[in-house]
Each structure stands twice: as C-alpha cells, then as structure tokens.
Amino acid sequence: ARFRHHDSPNAAALLCPTGYMANLAAVTALAGPGDLICQDKLNHASLIDAARMSGAHVRTYPHLRLDKLERLLGAAPENERSHKFIITDAVFSMDGDTADLAALADLASRYNAILVVDEAHATGVLGPTGAGLAEAQGVSHGVDVSISTASKALGSLGGIITSPHREAVIETIVNRGRAFIYTT
C-alpha cells in the first residue's frame, strides 16, 4: 500500500558506507518478485543494478518522458500483494538535467506507487537548506524514500537513506537490506 505523506515523528535515516550501497540496500530490501519498478533510462548505474537485483519486474521509460511512465503504471495489473515503484535520480549525473519531482509525486499518488529519489547529485547544492531537488521544488512531502550523499558537496563518505516512514521503510531496510546488513 502507498505510504501516507506527512511530517512524521517516525521519520528516520540510515547511513551506508557508500551511495551505491545505499541504493542497493534500499531498493533490494523494499522491492521484490511480483513488484514493478519503473525507472528513468538515464538513472545512475547503482539504481539500475539495484532494480535488477531486486527480482522485481523492471521497466524503463525514455529519459524524462513521464507520458511513457504513466502508460507503464497504467498497464500494470493491480495486485494487493505487489507494489509499484517509481525510481529516479533528482539530478541526472551525466547530463545535469533534473527530474520533475512534482509530476512524479502526482503519478505516484494517482497510481499508488512508492516514489524513491536519489538526491546524490543535488545534496548540498539545491534547496534552501541543501536537502536537494525535492526541497528546491517544494515536494519533499511527496517523496517516500530519499537517498542522499555524505560525499560530493558534503565532503565525507557514505549514502544516507531517509524516509518519513520509519517502520515501513527504514526498519525494513535494517532487517532485509543485505547491502546494509552484511557490510561492516
């Protein structure tokens, strides 16, 4: 079921050793066989690898073509035991262009999908506090899972998974995210 968007005292974060590991831990822990992952064709390799490794049915849509994404979401059969995911970079690393997170959040809401945004190239750069593109576009409330960086603009190392849904997201990753569990 879709997570409810709201400011929550249950919000939580999880630090992983790298951004690659954060994407791998989040996606493989949350998605699995029977689920559908729709992602932008130009997503970072870590998101593409994580989607493939999750065992979910993976569909890509042409870069920034939300009309194609909507067709993929609309064509997916409804199954109460499976989940739909929209996974995107906030800022695409090779071209430097940005996702329309407001439109993606709207599609996620309309199609009961979980929105996962990789903010690695926006952390520390975009938004009034440097939280990333979702903050800059005023749609942080519409993002279910955000993966940020502790490196790049922040000058350290690691990947940070955040969600306003502690029990549904962070606890699942802590207990099922092999890339988190088996990394010391």
# chains A, B, ... in the order shown; residues from 1 in each chain; ligands from 1
call {"tool": "select_by_dssp", "arguments": {"residues": "chain A", "states": "helix (DSSP H, G or I)", "output": "VMD selection string"}}
result
chain A and resid 19 to 30 45 to 54 66 to 75 101 to 110 133 to 136 140 to 142 152 to 154 166 to 176 178 to 181
call {"tool": "select_by_dssp", "arguments": {"residues": "segment 8-182 of chain A", "states": "strand (DSSP E or B)", "output": "number ranges by chain"}}
result
A: 12-16, 36-40, 57-61, 84-89, 91, 98, 113-118, 145-149, 159-163
call {"tool": "write_last_selection", "arguments": {"atoms": "N, CA, C and O atoms", "output": "compact mmCIF listing (two decimals), in the first residue's frame"}}
result
# COMPACT_ATOMS: atom_id res chain seq x y z
N ALA A 12 13.09 8.77 9.80
CA ALA A 12 14.36 8.20 10.23
C ALA A 12 15.35 8.19 9.08
O ALA A 12 14.97 8.36 7.92
N ALA A 13 16.60 7.99 9.43
CA ALA A 13 17.67 7.92 8.43
C ALA A 13 18.57 6.74 8.73
O ALA A 13 18.63 6.26 9.86
N LEU A 14 19.24 6.29 7.69
CA LEU A 14 20.15 5.16 7.81
C LEU A 14 21.40 5.50 6.99
O LEU A 14 21.29 5.89 5.83
N LEU A 15 22.57 5.37 7.59
CA LEU A 15 23.83 5.67 6.92
C LEU A 15 24.46 4.39 6.40
O LEU A 15 24.62 3.42 7.15
N CYS A 16 24.82 4.40 5.13
CA CYS A 16 25.52 3.28 4.49
C CYS A 16 26.91 3.75 4.09
O CYS A 16 27.15 4.94 3.95
N LEU A 36 6.66 -4.09 -9.35
CA LEU A 36 7.02 -3.40 -10.59
C LEU A 36 7.87 -2.19 -10.25
O LEU A 36 7.48 -1.37 -9.41
N ILE A 37 9.03 -2.10 -10.88
CA ILE A 37 9.88 -0.92 -10.75
C ILE A 37 9.90 -0.23 -12.11
O ILE A 37 10.25 -0.84 -13.12
N CYS A 38 9.51 1.04 -12.12
CA CYS A 38 9.61 1.88 -13.31
C CYS A 38 10.69 2.91 -13.04
O CYS A 38 10.64 3.61 -12.03
N GLN A 39 11.67 2.99 -13.95
CA GLN A 39 12.73 3.95 -13.72
C GLN A 39 13.18 4.61 -15.01
O GLN A 39 13.05 4.03 -16.09
N ASP A 40 13.69 5.82 -14.84
CA ASP A 40 14.21 6.60 -15.97
C ASP A 40 15.40 5.86 -16.57
O ASP A 40 16.24 5.32 -15.86
N HIS A 57 9.90 -6.90 -11.44
CA HIS A 57 9.79 -6.66 -12.88
C HIS A 57 10.23 -5.23 -13.12
O HIS A 57 9.68 -4.30 -12.52
N VAL A 58 11.25 -5.02 -13.95
CA VAL A 58 11.82 -3.70 -14.16
C VAL A 58 11.47 -3.20 -15.55
O VAL A 58 11.68 -3.90 -16.54
N ARG A 59 10.94 -1.99 -15.59
CA ARG A 59 10.63 -1.32 -16.86
C ARG A 59 11.30 0.05 -16.83
O ARG A 59 11.25 0.74 -15.83
N THR A 60 11.92 0.41 -17.94
CA THR A 60 12.50 1.75 -18.05
C THR A 60 11.65 2.57 -19.00
O THR A 60 11.01 2.03 -19.90
N TYR A 61 11.65 3.86 -18.77
CA TYR A 61 10.97 4.77 -19.68
C TYR A 61 12.01 5.73 -20.25
O TYR A 61 13.03 6.00 -19.61
N LYS A 84 4.16 -1.01 -6.63
CA LYS A 84 4.72 -0.29 -7.76
C LYS A 84 5.70 0.73 -7.22
O LYS A 84 5.44 1.39 -6.21
N PHE A 85 6.83 0.87 -7.90
CA PHE A 85 7.85 1.82 -7.52
C PHE A 85 8.18 2.71 -8.70
O PHE A 85 8.30 2.22 -9.83
N ILE A 86 8.34 3.99 -8.43
CA ILE A 86 8.92 4.93 -9.39
C ILE A 86 10.27 5.31 -8.79
O ILE A 86 10.33 5.80 -7.66
N ILE A 87 11.33 5.05 -9.55
CA ILE A 87 12.67 5.33 -9.06
C ILE A 87 13.36 6.28 -10.03
O ILE A 87 13.38 6.02 -11.24
N THR A 88 13.91 7.36 -9.48
CA THR A 88 14.55 8.36 -10.34
C THR A 88 15.72 9.04 -9.65
O THR A 88 15.77 9.11 -8.42
N ASP A 89 16.65 9.50 -10.46
CA ASP A 89 17.64 10.45 -9.97
C ASP A 89 16.94 11.79 -9.86
O ASP A 89 16.01 12.08 -10.62
N VAL A 91 18.96 14.80 -9.88
CA VAL A 91 19.81 15.41 -10.90
C VAL A 91 20.53 14.27 -11.59
O VAL A 91 21.19 13.45 -10.93
N THR A 98 17.30 17.76 -14.56
CA THR A 98 16.60 17.39 -13.34
C THR A 98 15.25 16.74 -13.63
O THR A 98 14.63 16.99 -14.66
N ALA A 113 1.87 4.25 -6.14
CA ALA A 113 3.26 3.81 -6.28
C ALA A 113 4.11 4.46 -5.19
O ALA A 113 3.73 5.47 -4.60
N ILE A 114 5.24 3.87 -4.94
CA ILE A 114 6.20 4.36 -3.96
C ILE A 114 7.28 5.13 -4.72
O ILE A 114 7.89 4.58 -5.65
N LEU A 115 7.50 6.38 -4.36
CA LEU A 115 8.48 7.23 -5.05
C LEU A 115 9.81 7.21 -4.31
O LEU A 115 9.89 7.58 -3.14
N VAL A 116 10.85 6.76 -5.02
CA VAL A 116 12.21 6.69 -4.49
C VAL A 116 13.05 7.65 -5.33
O VAL A 116 13.11 7.54 -6.54
N VAL A 117 13.73 8.59 -4.65
CA VAL A 117 14.51 9.61 -5.34
C VAL A 117 15.95 9.57 -4.86
O VAL A 117 16.21 9.65 -3.65
N ASP A 118 16.89 9.47 -5.80
CA ASP A 118 18.31 9.53 -5.50
C ASP A 118 18.74 10.99 -5.62
O ASP A 118 18.80 11.55 -6.71
N VAL A 145 10.98 7.71 -0.23
CA VAL A 145 12.33 7.30 0.15
C VAL A 145 13.29 8.21 -0.60
O VAL A 145 13.19 8.37 -1.81
N SER A 146 14.23 8.78 0.14
CA SER A 146 15.23 9.64 -0.45
C SER A 146 16.61 9.08 -0.13
O SER A 146 16.87 8.71 1.01
N ILE A 147 17.46 9.02 -1.13
CA ILE A 147 18.84 8.59 -0.92
C ILE A 147 19.73 9.78 -1.23
O ILE A 147 19.71 10.30 -2.34
N SER A 148 20.45 10.23 -0.22
CA SER A 148 21.33 11.39 -0.35
C SER A 148 22.77 10.93 -0.21
O SER A 148 23.03 9.76 0.02
N THR A 149 23.68 11.88 -0.31
CA THR A 149 25.09 11.54 -0.19
C THR A 149 25.71 12.24 0.99
O THR A 149 25.28 13.32 1.38
N GLY A 159 26.30 7.00 1.96
CA GLY A 159 24.99 7.25 1.40
C GLY A 159 23.98 7.25 2.53
O GLY A 159 24.09 6.47 3.47
N ILE A 160 23.01 8.14 2.44
CA ILE A 160 22.03 8.32 3.52
C ILE A 160 20.64 8.04 2.98
O ILE A 160 20.19 8.69 2.04
N ILE A 161 19.98 7.06 3.57
CA ILE A 161 18.60 6.73 3.20
C ILE A 161 17.70 7.40 4.23
O ILE A 161 17.88 7.18 5.43
N THR A 162 16.75 8.20 3.78
CA THR A 162 15.80 8.83 4.69
C THR A 162 14.38 8.56 4.23
O THR A 162 14.12 8.34 3.05
N SER A 163 13.50 8.54 5.19
CA SER A 163 12.09 8.34 4.90
C SER A 163 11.26 8.85 6.07
O SER A 163 11.66 8.70 7.22
call {"tool": "atom_distance", "arguments": {"atom1": "atom CA of Gly138 of chain A", "atom2": "atom CA of Ala26 of chain A"}}
result
23.3 Å
call {"tool": "residues_around", "arguments": {"residues": "Thr123 of chain A", "least_positions_apart": "4", "cutoff": "9 Å", "atoms": "only C-alpha atoms", "output": "VMD selection string"}}
result
chain A and resid 119 127 130 to 133 148 to 150 152 to 154
call {"tool": "write_last_selection", "arguments": {"atoms": "N, CA, C and O atoms", "output": "CSV table (one decimal), in the first residue's frame"}}
result
chain,number,residue,atom,x,y,z
A,119,GLU,N,19.0,11.6,-4.5
A,119,GLU,CA,19.4,13.0,-4.4
A,119,GLU,C,20.9,13.2,-4.4
A,119,GLU,O,21.4,14.3,-4.1
A,127,GLY,N,18.1,23.5,-3.1
A,127,GLY,CA,17.2,23.7,-1.9
A,127,GLY,C,17.7,24.7,-0.9
A,127,GLY,O,18.9,24.9,-0.8
A,130,GLY,N,19.9,22.9,1.3
A,130,GLY,CA,20.8,22.0,0.7
A,130,GLY,C,20.3,20.6,0.7
A,130,GLY,O,21.1,19.6,0.4
A,131,ALA,N,19.0,20.4,1.0
A,131,ALA,CA,18.5,19.0,1.1
A,131,ALA,C,18.3,18.3,-0.2
A,131,ALA,O,18.1,17.1,-0.3
A,132,GLY,N,18.3,19.1,-1.3
A,132,GLY,CA,18.2,18.5,-2.6
A,132,GLY,C,17.1,19.1,-3.5
A,132,GLY,O,16.4,20.1,-3.1
A,133,LEU,N,16.8,18.4,-4.6
A,133,LEU,CA,15.8,18.8,-5.5
A,133,LEU,C,14.4,18.8,-5.0
A,133,LEU,O,13.6,19.7,-5.3
A,148,SER,N,20.5,10.2,-0.2
A,148,SER,CA,21.3,11.4,-0.3
A,148,SER,C,22.8,10.9,-0.2
A,148,SER,O,23.0,9.8,0.0
A,149,THR,N,23.7,11.9,-0.3
A,149,THR,CA,25.1,11.5,-0.2
A,149,THR,C,25.7,12.2,1.0
A,149,THR,O,25.3,13.3,1.4
A,150,ALA,N,26.7,11.6,1.6
A,150,ALA,CA,27.6,12.3,2.6
A,150,ALA,C,28.9,12.7,1.9
A,150,ALA,O,29.7,13.4,2.5
A,152,LYS,N,30.5,14.0,-2.1
A,152,LYS,CA,30.4,15.1,-3.1
A,152,LYS,C,30.3,16.5,-2.3
A,152,LYS,O,31.3,16.8,-1.8
A,153,ALA,N,29.2,17.2,-2.3
A,153,ALA,CA,29.2,18.5,-1.7
A,153,ALA,C,29.4,18.5,-0.2
A,153,ALA,O,29.8,19.5,0.3
A,154,LEU,N,29.2,17.4,0.4
A,154,LEU,CA,29.4,17.4,1.9
A,154,LEU,C,30.8,17.0,2.3
A,154,LEU,O,31.1,17.1,3.5
call {"tool": "atom_distance", "arguments": {"atom1": "atom CA of Pro164 of chain A", "atom2": "atom CA of Asp144 of chain A"}}
result
6.9 Å
call {"tool": "closest_residue", "arguments": {"among": "A:His121, A:Arg176, A:His83, A:His141", "to": "His44 of chain A", "atoms": "only C-alpha atoms"}}
result
A:His121
